[in-house]
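Student: Below is the file work-v4.txt, which contains compact mmCIF, C-alpha atoms.
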# COMPACT_ATOMS: atom_id res chain seq x y z
CA MET A 38 -19.06 14.41 25.93
CA ALA A 39 -19.96 11.31 23.98
CA ASP A 40 -17.60 8.37 24.35
CA LEU A 41 -16.25 7.52 20.89
CA SER A 42 -14.25 4.48 22.00
CA THR A 43 -15.21 1.15 20.48
CA ASN A 44 -14.75 -2.53 21.20
CA PHE A 45 -15.13 -4.29 17.87
CA VAL A 46 -14.96 -8.08 18.30
CA GLY A 47 -12.58 -7.53 21.21
CA ILE A 48 -10.43 -5.02 19.32
CA LYS A 49 -10.39 -1.76 21.27
CA SER A 50 -9.79 1.65 19.73
CA PRO A 51 -10.27 5.23 20.97
CA ASN A 52 -12.68 6.04 18.16
CA PRO A 53 -14.56 4.18 15.39
CA PHE A 54 -12.50 5.65 12.53
CA TRP A 55 -10.04 3.17 11.03
CA LEU A 56 -7.99 3.52 7.89
CA ALA A 57 -8.86 0.79 5.40
CA SER A 58 -6.35 -1.58 3.89
CA ALA A 59 -4.98 0.52 1.01
CA PRO A 60 -2.02 2.71 0.00
CA PRO A 61 -2.34 4.90 3.15
CA THR A 62 -1.54 1.86 5.35
CA ASP A 63 1.32 0.40 3.33
CA LYS A 64 4.17 1.27 5.69
CA ALA A 65 5.05 2.41 9.19
CA TYR A 66 5.70 6.00 8.13
CA ASN A 67 2.12 6.46 6.93
CA VAL A 68 0.52 4.60 9.81
CA VAL A 69 2.43 6.55 12.46
CA ARG A 70 1.38 9.82 10.81
CA ALA A 71 -2.20 8.55 10.86
CA PHE A 72 -2.06 7.69 14.55
CA LYS A 73 -0.55 11.09 15.36
CA ALA A 74 -3.44 12.68 13.48
CA GLY A 75 -5.92 10.79 15.66
CA TRP A 76 -7.12 7.71 13.75
CA GLY A 77 -8.45 5.00 16.02
CA GLY A 78 -6.99 2.11 14.08
CA VAL A 79 -5.71 0.83 10.77
CA VAL A 80 -6.02 -2.22 8.60
CA TRP A 81 -2.48 -2.70 7.26
CA LYS A 82 -2.29 -2.99 3.50
CA THR A 83 -2.77 -6.56 2.35
CA LEU A 84 0.17 -8.91 2.89
CA GLY A 85 0.90 -11.81 0.56
CA GLU A 86 2.85 -15.02 1.00
CA GLU A 87 6.61 -15.25 1.36
CA GLY A 88 8.58 -15.28 -1.86
CA PRO A 89 9.10 -12.88 -4.74
CA PRO A 90 7.23 -9.65 -3.99
CA VAL A 91 4.25 -8.52 -6.01
CA VAL A 92 5.14 -6.19 -8.88
CA ASN A 93 2.96 -3.11 -9.34
CA VAL A 94 2.79 -0.94 -12.44
CA ASN A 95 5.22 1.98 -12.67
CA GLY A 96 2.68 4.33 -14.15
CA PRO A 97 -0.68 5.83 -13.29
CA ARG A 98 -2.61 3.66 -10.86
CA TYR A 99 -5.77 5.75 -10.47
CA GLY A 100 -8.58 6.90 -12.69
CA ALA A 101 -11.00 9.50 -11.38
CA ILE A 102 -14.55 10.81 -11.60
CA TRP A 103 -15.07 14.45 -10.62
CA GLY A 104 -18.08 16.59 -9.91
CA ALA A 105 -18.69 19.87 -11.72
CA ASP A 106 -16.59 21.69 -9.10
CA ARG A 107 -13.67 19.27 -9.58
CA ARG A 108 -14.50 17.57 -6.30
CA LEU A 109 -13.30 13.97 -6.38
CA LEU A 110 -16.31 11.66 -6.41
CA GLY A 111 -14.66 8.35 -7.17
CA LEU A 112 -11.31 6.66 -7.76
CA ASN A 113 -10.54 3.67 -9.95
CA ASN A 114 -7.54 1.87 -8.47
CA ILE A 115 -5.40 -0.72 -10.27
CA GLU A 116 -2.77 -1.01 -7.54
CA LEU A 117 -2.20 -4.53 -6.21
CA ILE A 118 -1.47 -5.69 -2.67
CA THR A 119 1.77 -4.60 -0.98
CA ASP A 120 4.88 -4.90 -3.10
CA ARG A 121 7.15 -4.64 -0.07
CA PRO A 122 8.85 -7.81 1.32
CA LEU A 123 6.77 -9.69 3.88
CA GLU A 124 9.45 -9.56 6.56
CA VAL A 125 9.70 -5.77 6.25
CA ASN A 126 5.96 -5.35 6.70
CA LEU A 127 5.88 -7.73 9.66
CA ARG A 128 8.76 -5.94 11.39
CA GLU A 129 7.09 -2.55 10.96
CA ILE A 130 3.70 -3.81 12.13
CA LYS A 131 5.29 -5.18 15.30
CA GLN A 132 7.10 -1.92 16.05
CA VAL A 133 4.08 0.30 15.40
CA LYS A 134 1.86 -1.84 17.60
CA ARG A 135 4.42 -1.64 20.41
CA ASP A 136 4.61 2.15 20.08
CA TRP A 137 0.84 2.65 19.82
CA PRO A 138 -0.73 -0.05 22.03
CA ASP A 139 -4.04 1.79 22.38
CA ARG A 140 -4.73 1.84 18.62
CA ALA A 141 -6.35 -0.98 16.67
CA MET A 142 -3.91 -2.86 14.44
CA VAL A 143 -5.58 -5.26 12.02
CA VAL A 144 -3.60 -6.93 9.24
CA SER A 145 -5.12 -7.70 5.86
CA ILE A 146 -4.03 -10.99 4.31
CA MET A 147 -4.36 -12.56 0.87
CA VAL A 148 -2.63 -15.81 -0.09
CA PRO A 149 -3.51 -18.62 -2.52
CA CYS A 150 -6.65 -20.58 -1.72
CA GLU A 151 -4.74 -23.45 -0.11
CA GLU A 152 -4.86 -24.33 3.57
CA ALA A 153 -1.07 -24.63 3.82
CA ALA A 154 -0.58 -21.07 2.57
CA TRP A 155 -2.96 -19.63 5.18
CA LYS A 156 -1.50 -21.76 7.98
CA ALA A 157 1.98 -20.57 7.04
CA ILE A 158 1.32 -16.82 7.23
CA LEU A 159 -0.90 -16.71 10.31
CA PRO A 160 1.84 -17.35 12.93
CA HIS A 161 3.97 -14.59 11.42
CA VAL A 162 1.14 -12.11 11.81
CA GLU A 163 0.38 -13.29 15.35
CA ASP A 164 4.01 -12.68 16.32
CA THR A 165 3.61 -8.99 15.54
CA GLY A 166 1.09 -8.56 18.33
CA ALA A 167 -1.59 -7.47 15.87
CA ASP A 168 -5.14 -7.29 17.21
CA GLY A 169 -6.81 -9.15 14.34
CA ILE A 170 -6.72 -10.15 10.71
CA GLU A 171 -8.87 -9.18 7.76
CA LEU A 172 -9.21 -11.75 4.97
CA ASN A 173 -9.13 -9.89 1.68
CA PHE A 174 -11.83 -11.61 -0.39
CA GLY A 175 -12.67 -8.43 -2.23
CA CYS A 176 -9.87 -7.13 -4.47
CA PRO A 177 -11.41 -7.18 -7.98
CA HIS A 178 -8.33 -6.65 -10.15
CA GLY A 179 -4.97 -8.28 -10.69
CA MET A 180 -5.05 -10.66 -7.73
CA SER A 181 -8.47 -12.01 -8.71
CA GLU A 182 -6.95 -13.08 -12.01
CA ARG A 183 -4.59 -15.24 -9.95
CA GLY A 184 -7.42 -16.97 -8.10
CA MET A 185 -7.41 -14.70 -5.05
CA GLY A 186 -9.33 -11.63 -3.87
CA SER A 187 -12.82 -11.41 -5.33
CA ALA A 188 -12.28 -14.74 -7.10
CA VAL A 189 -12.61 -16.23 -3.61
CA GLY A 190 -15.21 -13.77 -2.34
CA GLN A 191 -17.59 -14.60 -5.18
CA VAL A 192 -17.72 -18.28 -4.18
CA PRO A 193 -19.46 -18.72 -0.81
CA GLU A 194 -18.00 -22.19 -0.35
CA TYR A 195 -14.49 -20.74 -0.58
CA VAL A 196 -15.35 -17.93 1.85
CA GLU A 197 -16.59 -20.46 4.41
CA MET A 198 -13.63 -22.77 3.85
CA VAL A 199 -10.89 -20.16 4.24
CA ALA A 200 -12.60 -18.49 7.21
CA ARG A 201 -12.70 -21.87 8.93
CA TRP A 202 -9.03 -22.53 8.18
CA CYS A 203 -8.09 -19.24 9.77
CA LYS A 204 -10.30 -19.64 12.83
CA GLN A 205 -8.75 -23.04 13.44
CA ASN A 206 -5.21 -21.74 13.19
CA THR A 207 -5.13 -18.37 14.95
CA ARG A 208 -6.06 -16.80 18.26
CA MET A 209 -6.78 -13.47 16.53
CA PRO A 210 -10.28 -12.27 15.62
CA VAL A 211 -11.03 -13.00 11.96
CA ILE A 212 -12.74 -10.32 9.86
CA VAL A 213 -13.85 -11.31 6.37
CA LYS A 214 -13.75 -8.50 3.81
CA LEU A 215 -16.52 -9.01 1.27
CA THR A 216 -16.67 -8.17 -2.40
CA PRO A 217 -19.59 -6.14 -3.78
CA ASN A 218 -19.03 -7.75 -7.19
CA ILE A 219 -21.64 -10.40 -6.53
CA THR A 220 -25.39 -10.70 -7.05
CA ASP A 221 -26.31 -10.94 -3.34
CA VAL A 222 -23.72 -10.05 -0.72
CA ARG A 223 -25.70 -11.93 1.91
CA THR A 224 -24.62 -15.26 0.44
CA SER A 225 -20.98 -14.46 1.18
CA ALA A 226 -21.79 -13.03 4.60
CA ARG A 227 -23.73 -16.16 5.53
CA ALA A 228 -20.77 -18.25 4.39
CA ALA A 229 -18.47 -16.21 6.63
CA VAL A 230 -20.82 -16.89 9.55
CA ARG A 231 -20.78 -20.61 8.81
CA GLY A 232 -16.99 -20.53 8.68
CA GLY A 233 -16.88 -19.01 12.16
CA ALA A 234 -15.73 -15.51 11.21
CA ASP A 235 -15.91 -12.98 14.02
CA ALA A 236 -16.99 -10.11 11.74
CA VAL A 237 -17.35 -8.96 8.16
CA SER A 238 -16.16 -5.74 6.53
CA LEU A 239 -17.65 -4.25 3.40
CA ILE A 240 -17.65 -3.09 0.76
CA ASN A 241 -14.43 -3.66 -1.09
CA THR A 242 -14.05 -1.89 -4.41
CA ILE A 243 -16.38 -2.25 -7.40
CA ASN A 244 -15.25 -3.41 -10.85
CA SER A 245 -14.98 -0.33 -13.03
CA ILE A 246 -13.52 1.55 -15.95
CA THR A 247 -13.86 5.24 -15.14
CA SER A 248 -13.09 6.76 -18.53
CA VAL A 249 -11.53 6.32 -21.96
CA ASP A 250 -8.88 8.53 -23.53
CA LEU A 251 -10.50 9.32 -26.88
CA ASP A 252 -7.16 10.22 -28.47
CA SER A 253 -5.27 7.04 -27.59
CA MET A 254 -8.48 4.99 -27.32
CA SER A 255 -7.20 3.49 -24.08
CA PRO A 256 -9.10 3.10 -20.80
CA GLU A 257 -7.81 5.26 -17.96
CA PRO A 258 -5.49 4.86 -16.16
CA SER A 259 -3.48 3.99 -19.25
CA ILE A 260 -0.23 2.00 -19.08
CA ASP A 261 1.71 2.26 -22.32
CA GLY A 262 -1.48 2.52 -24.36
CA LYS A 263 -3.42 -0.23 -22.56
CA GLY A 264 -5.86 -0.12 -19.68
CA SER A 265 -7.57 -2.58 -17.36
CA HIS A 266 -10.58 -2.59 -15.10
CA GLY A 267 -9.88 -1.56 -11.54
CA GLY A 268 -11.60 -1.16 -8.19
CA TYR A 269 -13.95 1.82 -7.77
CA CYS A 270 -14.15 3.61 -4.42
CA GLY A 271 -14.97 6.99 -2.94
CA PRO A 272 -18.17 8.97 -2.22
CA ALA A 273 -19.88 7.61 -5.34
CA VAL A 274 -20.02 4.05 -3.94
CA LYS A 275 -21.52 5.01 -0.56
CA PRO A 276 -25.17 4.26 -1.53
CA ILE A 277 -24.20 0.77 -2.70
CA ALA A 278 -22.24 0.17 0.48
CA LEU A 279 -25.07 1.35 2.75
CA HIS A 280 -27.49 -1.01 1.02
CA MET A 281 -25.20 -4.01 1.42
CA VAL A 282 -24.43 -3.22 5.06
CA ALA A 283 -28.14 -2.95 5.81
CA ASP A 284 -28.89 -6.18 3.95
CA ILE A 285 -26.48 -8.08 6.18
CA ALA A 286 -27.57 -6.31 9.37
CA ARG A 287 -31.21 -7.29 8.88
CA ASP A 288 -30.62 -10.82 7.57
CA PRO A 289 -31.52 -13.47 10.18
CA GLU A 290 -29.09 -15.96 8.64
CA CYS A 291 -26.20 -13.56 9.23
CA ASN A 292 -26.94 -13.97 12.91
CA GLY A 293 -26.08 -10.41 13.90
CA ILE A 294 -22.46 -10.73 12.83
CA PRO A 295 -20.52 -7.52 13.60
CA ILE A 296 -19.94 -5.26 10.59
CA SER A 297 -17.13 -2.85 9.75
CA GLY A 298 -18.56 -0.38 7.24
CA ILE A 299 -16.53 0.72 4.21
CA GLY A 300 -17.38 2.74 1.14
CA GLY A 301 -17.21 6.48 0.61
CA VAL A 302 -17.00 7.58 4.25
CA THR A 303 -15.93 11.23 3.98
CA THR A 304 -17.71 13.00 6.85
CA TRP A 305 -18.95 12.25 10.34
CA ARG A 306 -22.46 12.04 8.88
CA ASP A 307 -21.41 9.27 6.50
CA ALA A 308 -19.98 7.36 9.44
CA ALA A 309 -23.14 7.86 11.50
CA GLU A 310 -25.26 6.56 8.63
CA PHE A 311 -23.15 3.41 8.31
CA MET A 312 -23.38 2.82 12.04
CA ALA A 313 -27.12 3.48 12.12
CA LEU A 314 -27.49 0.73 9.52
CA GLY A 315 -25.57 -1.78 11.62
CA ALA A 316 -21.85 -1.04 11.41
CA GLY A 317 -19.84 -1.11 14.61
CA ASN A 318 -17.11 1.07 13.14
CA VAL A 319 -16.05 2.45 9.76
CA GLN A 320 -13.00 2.23 7.54
CA VAL A 321 -11.83 5.15 5.41
CA CYS A 322 -9.51 5.36 2.42
CA THR A 323 -10.42 7.77 -0.40
CA ALA A 324 -11.20 10.68 1.94
CA ALA A 325 -7.76 10.36 3.54
CA MET A 326 -6.13 10.14 0.11
CA THR A 327 -8.02 13.26 -0.99
CA TYR A 328 -7.72 15.49 2.07
CA GLY A 329 -4.95 13.98 4.20
CA PHE A 330 -4.99 12.24 7.55
CA LYS A 331 -6.11 15.28 9.57
CA ILE A 332 -9.61 14.95 8.17
CA VAL A 333 -10.23 12.53 11.04
CA SER A 334 -10.31 15.50 13.44
CA GLU A 335 -13.43 16.83 11.72
CA MET A 336 -14.96 13.36 11.67
CA LYS A 337 -14.41 12.87 15.39
CA SER A 338 -15.60 16.32 16.45
CA GLY A 339 -18.64 16.18 14.19
CA LEU A 340 -19.69 12.74 15.39
CA SER A 341 -19.15 13.68 19.02
CA GLN A 342 -21.19 16.88 18.72
CA TRP A 343 -24.05 15.09 16.94
CA MET A 344 -24.11 12.32 19.55
CA ASP A 345 -24.22 14.90 22.33
CA GLU A 346 -27.11 16.70 20.66
CA LYS A 347 -29.04 13.44 20.25
CA GLY A 348 -28.26 12.15 23.73
CA TYR A 349 -26.15 9.19 22.64
CA THR A 350 -23.34 8.47 25.07
CA SER A 351 -21.61 5.66 23.15
CA VAL A 352 -21.11 4.46 19.58
CA ALA A 353 -22.84 1.21 20.53
CA GLN A 354 -26.06 3.17 21.12
CA VAL A 355 -25.98 4.40 17.53
CA SER A 356 -25.11 1.09 15.88
CA GLY A 357 -28.14 -0.54 14.27
CA ARG A 358 -30.75 2.03 15.31
CA ALA A 359 -32.03 2.48 11.74
CA VAL A 360 -32.12 -1.24 10.91
CA PRO A 361 -35.74 -1.80 12.11
CA ASN A 362 -36.86 0.91 9.69
CA VAL A 363 -35.36 -0.83 6.66
CA THR A 364 -38.04 -2.99 5.06
CA ASP A 365 -39.06 -4.55 1.76
CA TRP A 366 -40.99 -2.44 -0.73
CA GLN A 367 -44.14 -4.49 -0.30
CA PHE A 368 -44.43 -3.38 3.32
CA LEU A 369 -44.23 0.37 2.67
CA ASN A 370 -47.27 2.36 3.81
CA LEU A 371 -49.41 3.08 0.75
CA ASN A 372 -51.64 5.30 2.88
CA TYR A 373 -48.86 7.83 3.29
CA VAL A 374 -49.43 10.87 1.02
CA ALA A 375 -47.23 13.94 0.67
CA LYS A 376 -47.15 17.00 -1.59
CA ALA A 377 -44.29 19.23 -2.70
CA LYS A 378 -44.23 22.80 -1.43
CA ILE A 379 -42.16 25.66 -2.85
CA ASP A 380 -40.92 28.44 -0.55
CA GLN A 381 -41.35 31.54 -2.69
CA ASP A 382 -38.99 33.55 -0.49
CA LEU A 383 -36.15 31.13 -1.20
CA CYS A 384 -36.95 30.47 -4.86
CA ILE A 385 -34.41 31.96 -7.30
CA LYS A 386 -36.70 31.32 -10.30
CA CYS A 387 -34.16 29.13 -12.10
CA GLY A 388 -36.91 26.85 -13.43
CA ARG A 389 -35.11 23.55 -12.86
CA CYS A 390 -38.04 22.09 -10.96
CA PHE A 391 -40.46 23.03 -13.74
CA ALA A 392 -38.28 21.64 -16.53
CA ALA A 393 -37.65 18.37 -14.71
CA CYS A 394 -41.28 17.83 -13.73
CA GLU A 395 -42.79 18.98 -17.03
CA ASP A 396 -40.45 17.00 -19.27
CA THR A 397 -39.71 13.87 -17.26
CA SER A 398 -42.16 13.52 -14.41
CA HIS A 399 -45.82 14.31 -13.64
CA GLN A 400 -46.46 17.86 -14.94
CA ALA A 401 -47.18 18.94 -11.39
CA ILE A 402 -45.45 22.34 -11.36
CA ALA A 403 -46.95 25.43 -13.00
CA MET A 404 -44.98 28.44 -14.24
CA SER A 405 -46.60 31.88 -14.39
CA ASP A 406 -45.67 34.67 -16.80
CA ASP A 407 -43.44 36.25 -14.14
CA ARG A 408 -41.70 32.87 -13.52
CA THR A 409 -43.40 32.06 -10.27
CA PHE A 410 -43.46 28.31 -9.77
CA THR A 411 -46.25 26.58 -7.86
CA VAL A 412 -47.17 22.96 -7.24
CA ILE A 413 -50.35 21.49 -8.75
CA ASP A 414 -51.54 19.25 -5.93
CA GLU A 415 -53.95 17.41 -8.22
CA GLU A 416 -50.97 16.07 -10.20
CA CYS A 417 -48.22 15.82 -7.58
CA VAL A 418 -47.21 12.31 -6.50
CA ALA A 419 -44.42 13.58 -4.21
CA CYS A 420 -41.77 11.80 -6.25
CA ASN A 421 -39.13 14.18 -4.81
CA LEU A 422 -37.48 14.94 -8.17
CA CYS A 423 -38.06 18.67 -7.80
CA VAL A 424 -36.46 18.63 -4.35
CA ASN A 425 -33.39 16.88 -5.70
CA VAL A 426 -32.82 19.12 -8.73
CA CYS A 427 -33.43 22.40 -6.91
CA PRO A 428 -30.11 24.21 -6.28
CA VAL A 429 -31.42 25.98 -3.16
CA GLU A 430 -31.47 23.88 0.00
CA ASP A 431 -34.92 23.64 1.64
CA CYS A 432 -36.57 25.76 -1.06
CA ILE A 433 -38.74 22.79 -2.03
CA THR A 434 -39.91 20.38 0.65
CA LEU A 435 -42.38 17.53 0.94
CA GLU A 436 -45.21 17.89 3.42
CA ALA A 437 -47.25 14.91 4.53
CA MET A 438 -51.04 15.12 4.41
CA ALA A 439 -52.80 14.40 7.67
CA PRO A 440 -54.99 11.31 8.13
CA GLY A 441 -58.57 12.07 7.17
CA GLN A 442 -57.69 14.55 4.45
CA THR A 443 -58.63 13.82 0.86
CA ASP A 444 -55.84 13.49 -1.68
CA PRO A 445 -56.78 15.91 -4.51
CA ARG A 446 -54.98 13.69 -7.01
CA THR A 447 -56.83 10.44 -6.29
CA GLY A 448 -59.90 11.55 -4.35
CA LYS A 449 -59.08 8.96 -1.67
CA VAL A 450 -59.06 9.66 2.04
CA VAL A 451 -55.57 9.50 3.50
CA ASP A 452 -55.14 6.61 5.95
CA LYS A 453 -58.37 4.95 4.80
CA GLU A 454 -57.14 2.81 1.93
CA TYR A 455 -54.60 -0.01 1.78
CA ALA A 456 -51.87 -0.31 4.38
CA ASN A 457 -49.30 -1.75 1.97
CA TRP A 458 -48.86 -3.82 -1.16
CA THR A 459 -49.62 -7.08 0.65
CA THR A 460 -53.25 -5.91 1.08
CA HIS A 461 -53.62 -3.96 -2.17
CA PRO A 462 -56.26 -5.32 -4.61
CA ASN A 463 -53.85 -4.89 -7.53
CA ASN A 464 -51.56 -7.45 -5.92
CA PRO A 465 -52.51 -10.90 -7.29
CA GLY A 466 -51.25 -12.53 -4.10
CA ALA A 467 -53.45 -10.34 -1.93
CA VAL A 468 -56.51 -10.98 -4.11
CA ALA A 469 -55.88 -14.70 -3.96
CA ALA A 470 -55.55 -14.57 -0.20
CA GLU A 471 -58.92 -12.85 0.09
Take the structure in the file and write it out as structure tokens.

Tutor:
Amino acid sequence: MADLSTNFVGIKSPNPFWLASAPPTDKAYNVVRAFKAGWGGVVWKTLGEEGPPVVNVNGPRYGAIWGADRRLLGLNNIELITDRPLEVNLREIKQVKRDWPDRAMVVSIMVPCEEAAWKAILPHVEDTGADGIELNFGCPHGMSERGMGSAVGQVPEYVEMVARWCKQNTRMPVIVKLTPNITDVRTSARAAVRGGADAVSLINTINSITSVDLDSMSPEPSIDGKGSHGGYCGPAVKPIALHMVADIARDPECNGIPISGIGGVTTWRDAAEFMALGAGNVQVCTAAMTYGFKIVSEMKSGLSQWMDEKGYTSVAQVSGRAVPNVTDWQFLNLNYVAKAKIDQDLCIKCGRCFAACEDTSHQAIAMSDDRTFTVIDEECVACNLCVNVCPVEDCITLEAMAPGQTDPRTGKVVDKEYANWTTHPNNPGAVAAE
């Protein structure tokens, strides 16, 4: 059996599945239930400074986006950091860590961007016996309006500065949680590296308004007729998260900093994809809020079975394996040619492929009088649209042409033209170089 245990910046856990800092990790009751269900670790919901507790809204805190089958695709969250007293959270963290010493216990922190505030809270967290801290530089709503959260994460100089303050004042590993609400996430990740951070986690939630009530004319979720932007999470943000994780993993200036992947992890396959692109573990929130804590059992068994089938014996062997295959567009192989193929035995004659290709693509699918659909190789550019709109899995596939064959669309011999854009004659830079 594959070994799912991980050692992430010195923080050991029995599996790579952690609960992210969010409502599911707000109190001991939830966290203990999570550990009983099999989660490898948690990031405790973000703690603030001592003093009057944060006040959350007493109304709807989530907006939602659903698929056609009512499956939850994304949540918009306007909940703030913990509204429970600091001393209560610290006491519960200490007790849970004592009772579950083999599970990862990381504590998320967010205080004003002042060195004294960070120095003040760090000893309290250390006293709990927590394994590490996560600096919340990502929250895009409420706290950012107070100069915290993404207001810090969007300024690389602040990221570097606060990371350095924490590294100088704690023995615990420091994980910097990055905001996706920025032009290039690598700038913040590089700043975290310069500040001495042990790892980064990403992505935090994305600024969003999910919907508008057209009767009250208020954004959802609506509080007494008014709405505000919130943080978007769930399966819908996974592609954005994968891109940003890969960007950091392949950036030389990020110096191979360990990554905790967050953003729409719902299945073992999602987790494997994050790890293949450089993550050492993953954090989950929306899936647990949708299906309950026991979903981790499916994640663990699925990942273990897949690793066994592929011959991977540890999570570390998976982490980063896809990173060498992520490249810039200009280096893609322009000699590669494929054509769509339709399996007539699987085709249900719905016509989606024809409508999509005829109206919006390359007019590369023909329809006969008896609604038989075939690909016109002379027009097909293998754009993959037909594959994606087809409701029958594997009915339409792309098949690569072999080197030496002639592409009926262009008349060019496959593997005999230009390797990539850097050598293509239509590229002004390549022409100049010649």

Student: Find the distance between atom CA of Phe368 of chain A and atom CA of Asp288 of chain A and write it in Å to one decimal.

Tutor: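 Separating atom CA of Phe368 of chain A from atom CA of Asp288 of chain A is a distance of 16.3 Å.
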
Student: Which residue gives the smallest distance to Val274 of chain A among A:Thr434, A:Asn425, A:Asn113, A:Ser238, with all atoms listed in the file counted?

Tutor: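 Using all atoms listed in the file, the shortest distance to Val274 of chain A belongs to A:Asn113.
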
Student: Go through A:Arg98, A:Lys386, A:Lys214, A:Arg107 and flag the residue nearest Val80 of chain A, using all atoms listed in the file for the distances.

Tutor: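 Closest to Val80 of chain A of all the choices is A:Lys214.
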
Student: Nearest to Gly298 of chain A among A:Val213, A:Ala316, A:Ala188, A:Ala286, with distances taken over only C-alpha atoms: which residue is it?

Tutor: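 Of A:Val213, A:Ala316, A:Ala188, A:Ala286, the one nearest Gly298 of chain A is A:Ala316, counting only C-alpha atoms.
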
Student: Just give me the gap between atom CA of Thr83 of chain A and atom CA of Ile118 of chain A in Å, one decimal is fine.

Tutor: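 Interatomic distance here is 5.3 Å.
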
Student: Let me make sure I understand: among A:Val46, A:Ala236, A:Ala359, A:Leu172, which one has the smallest atom-to-atom distance to Lys82 of chain A if we use only C-alpha atoms?

Tutor: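 The shortest atom-to-atom distance to Lys82 of chain A comes from A:Leu172.
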
Student: Rounded to one decimal, what separation in Å do you get between atom CA of Pro90 of chain A and atom CA of Trp155 of chain A?

Tutor: 17.0 Å

Student: I want to know what sits within 8 Å of segment 400-414 of chain A, based on all atoms listed in the file, with residues of the same chain fewer than 5 positions away left out; could you give that as JSON, numbers by chain?

Tutor: {"A": [376, 377, 378, 379, 381, 386, 388, 390, 391, 394, 395, 445, 446]}

Student: Would you mind exporting C-alpha atoms of the selected residues as an mmCIF file, in the coordinates of the input?

Tutor:
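This is the output file again_27.cif:
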data_model
loop_
_atom_site.group_PDB
_atom_site.id
_atom_site.type_symbol
_atom_site.label_atom_id
_atom_site.label_comp_id
_atom_site.auth_asym_id
_atom_site.auth_seq_id
_atom_site.Cartn_x
_atom_site.Cartn_y
_atom_site.Cartn_z
ATOM 1 C CA LYS A 376 -47.150 17.000 -1.590
ATOM 2 C CA ALA A 377 -44.290 19.230 -2.700
ATOM 3 C CA LYS A 378 -44.230 22.800 -1.430
ATOM 4 C CA ILE A 379 -42.160 25.660 -2.850
ATOM 5 C CA GLN A 381 -41.350 31.540 -2.690
ATOM 6 C CA LYS A 386 -36.700 31.320 -10.300
ATOM 7 C CA GLY A 388 -36.910 26.850 -13.430
ATOM 8 C CA CYS A 390 -38.040 22.090 -10.960
ATOM 9 C CA PHE A 391 -40.460 23.030 -13.740
ATOM 10 C CA CYS A 394 -41.280 17.830 -13.730
ATOM 11 C CA GLU A 395 -42.790 18.980 -17.030
ATOM 12 C CA PRO A 445 -56.780 15.910 -4.510
ATOM 13 C CA ARG A 446 -54.980 13.690 -7.010
#

Student: Set the distance at 8 Å and use only C-alpha atoms: which residues neighbour Val282 of chain A once local chain neighbours fewer than 3 positions away are removed? I'd like the list as a list in words.

Tutor: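 Near Val282 of chain A, the qualifying residues are Leu239, Ala278, Leu279, Ile285, Ala286, Ile296, Gly298, Phe311, Leu314, Gly315 and Ala316 of chain A.
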
Student: Which residue is closest to Ile332 of chain A? Choose from A:Cys427, A:Met142, A:Ile170, A:Ala74 and count all atoms listed in the file.

Tutor: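 Closest residue, counting all atoms listed in the file: A:Ala74.
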
Student: Nearest to Val94 of chain A: which of A:Ile260, A:Ala71, A:Leu56, A:Ile243 is it, counting all atoms listed in the file?

Tutor: A:Ile260

Student: Do a neighbour search on Trp55 of chain A at 9 Å with only C-alpha atoms, toss out local chain neighbours closer than 4 positions, and write the hits as JSON, numbers by chain.

Tutor: {"A": [50, 76, 77, 78, 79, 80, 141, 318, 319, 320, 321, 322]}

Student: Report, as JSON, the centre and edge lengths in Å (one decimal) of the axis-aligned box enclosing every listed atom of segment 75-82 of chain A, padded by 5 Å on each side.

Tutor:
{"center_x": -5.4, "center_y": 3.9, "center_z": 9.8, "size_x": 16.2, "size_y": 23.8, "size_z": 22.5}

Student: Residues within 10 Å of Thr447 of chain A, please, as a ChimeraX atom specification. Count all atoms listed in the file; anything in the same chain fewer than 4 positions from it doesn't count.

Tutor: /A:415-416,418,443,451

Student: List every protein, DNA or RNA residue that has at least one atom no more than 10 Å from (-22.4, 11.2, 19.3) in the file's coordinates, counting all atoms listed in the file, and write the result as a list in words.

Tutor: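 Within 10 Å of (-22.4, 11.2, 19.3), the protein and nucleic acid residues are Met38, Ala39, Asp40, Leu41, Trp305, Ala309, Lys337, Ser338, Gly339, Leu340, Ser341, Gln342, Trp343, Met344, Asp345, Glu346, Lys347, Gly348, Tyr349, Thr350, Ser351, Val352, Gln354 and Val355 of chain A.
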
Student: Complete segment 268-273 of chain A with N, CA and C atoms (output as an mmCIF file, in the coordinates of the input).

Tutor:
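Below is the file out20.cif, written as the result:
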data_model
loop_
_atom_site.group_PDB
_atom_site.id
_atom_site.type_symbol
_atom_site.label_atom_id
_atom_site.label_comp_id
_atom_site.auth_asym_id
_atom_site.auth_seq_id
_atom_site.Cartn_x
_atom_site.Cartn_y
_atom_site.Cartn_z
ATOM 1 N N GLY A 268 -10.638 -1.190 -9.284
ATOM 2 C CA GLY A 268 -11.600 -1.160 -8.190
ATOM 3 C C GLY A 268 -12.050 0.260 -7.915
ATOM 4 N N TYR A 269 -13.356 0.489 -7.916
ATOM 5 C CA TYR A 269 -13.950 1.820 -7.770
ATOM 6 C C TYR A 269 -14.281 2.073 -6.306
ATOM 7 N N CYS A 270 -13.896 3.252 -5.814
ATOM 8 C CA CYS A 270 -14.150 3.610 -4.420
ATOM 9 C C CYS A 270 -14.424 5.096 -4.328
ATOM 10 N N GLY A 271 -14.722 5.569 -3.132
ATOM 11 C CA GLY A 271 -14.970 6.990 -2.940
ATOM 12 C C GLY A 271 -16.434 7.297 -2.686
ATOM 13 N N PRO A 272 -16.787 8.587 -2.556
ATOM 14 C CA PRO A 272 -18.170 8.970 -2.220
ATOM 15 C C PRO A 272 -19.220 8.365 -3.127
ATOM 16 N N ALA A 273 -18.882 8.125 -4.398
ATOM 17 C CA ALA A 273 -19.880 7.610 -5.340
ATOM 18 C C ALA A 273 -20.375 6.211 -4.983
#
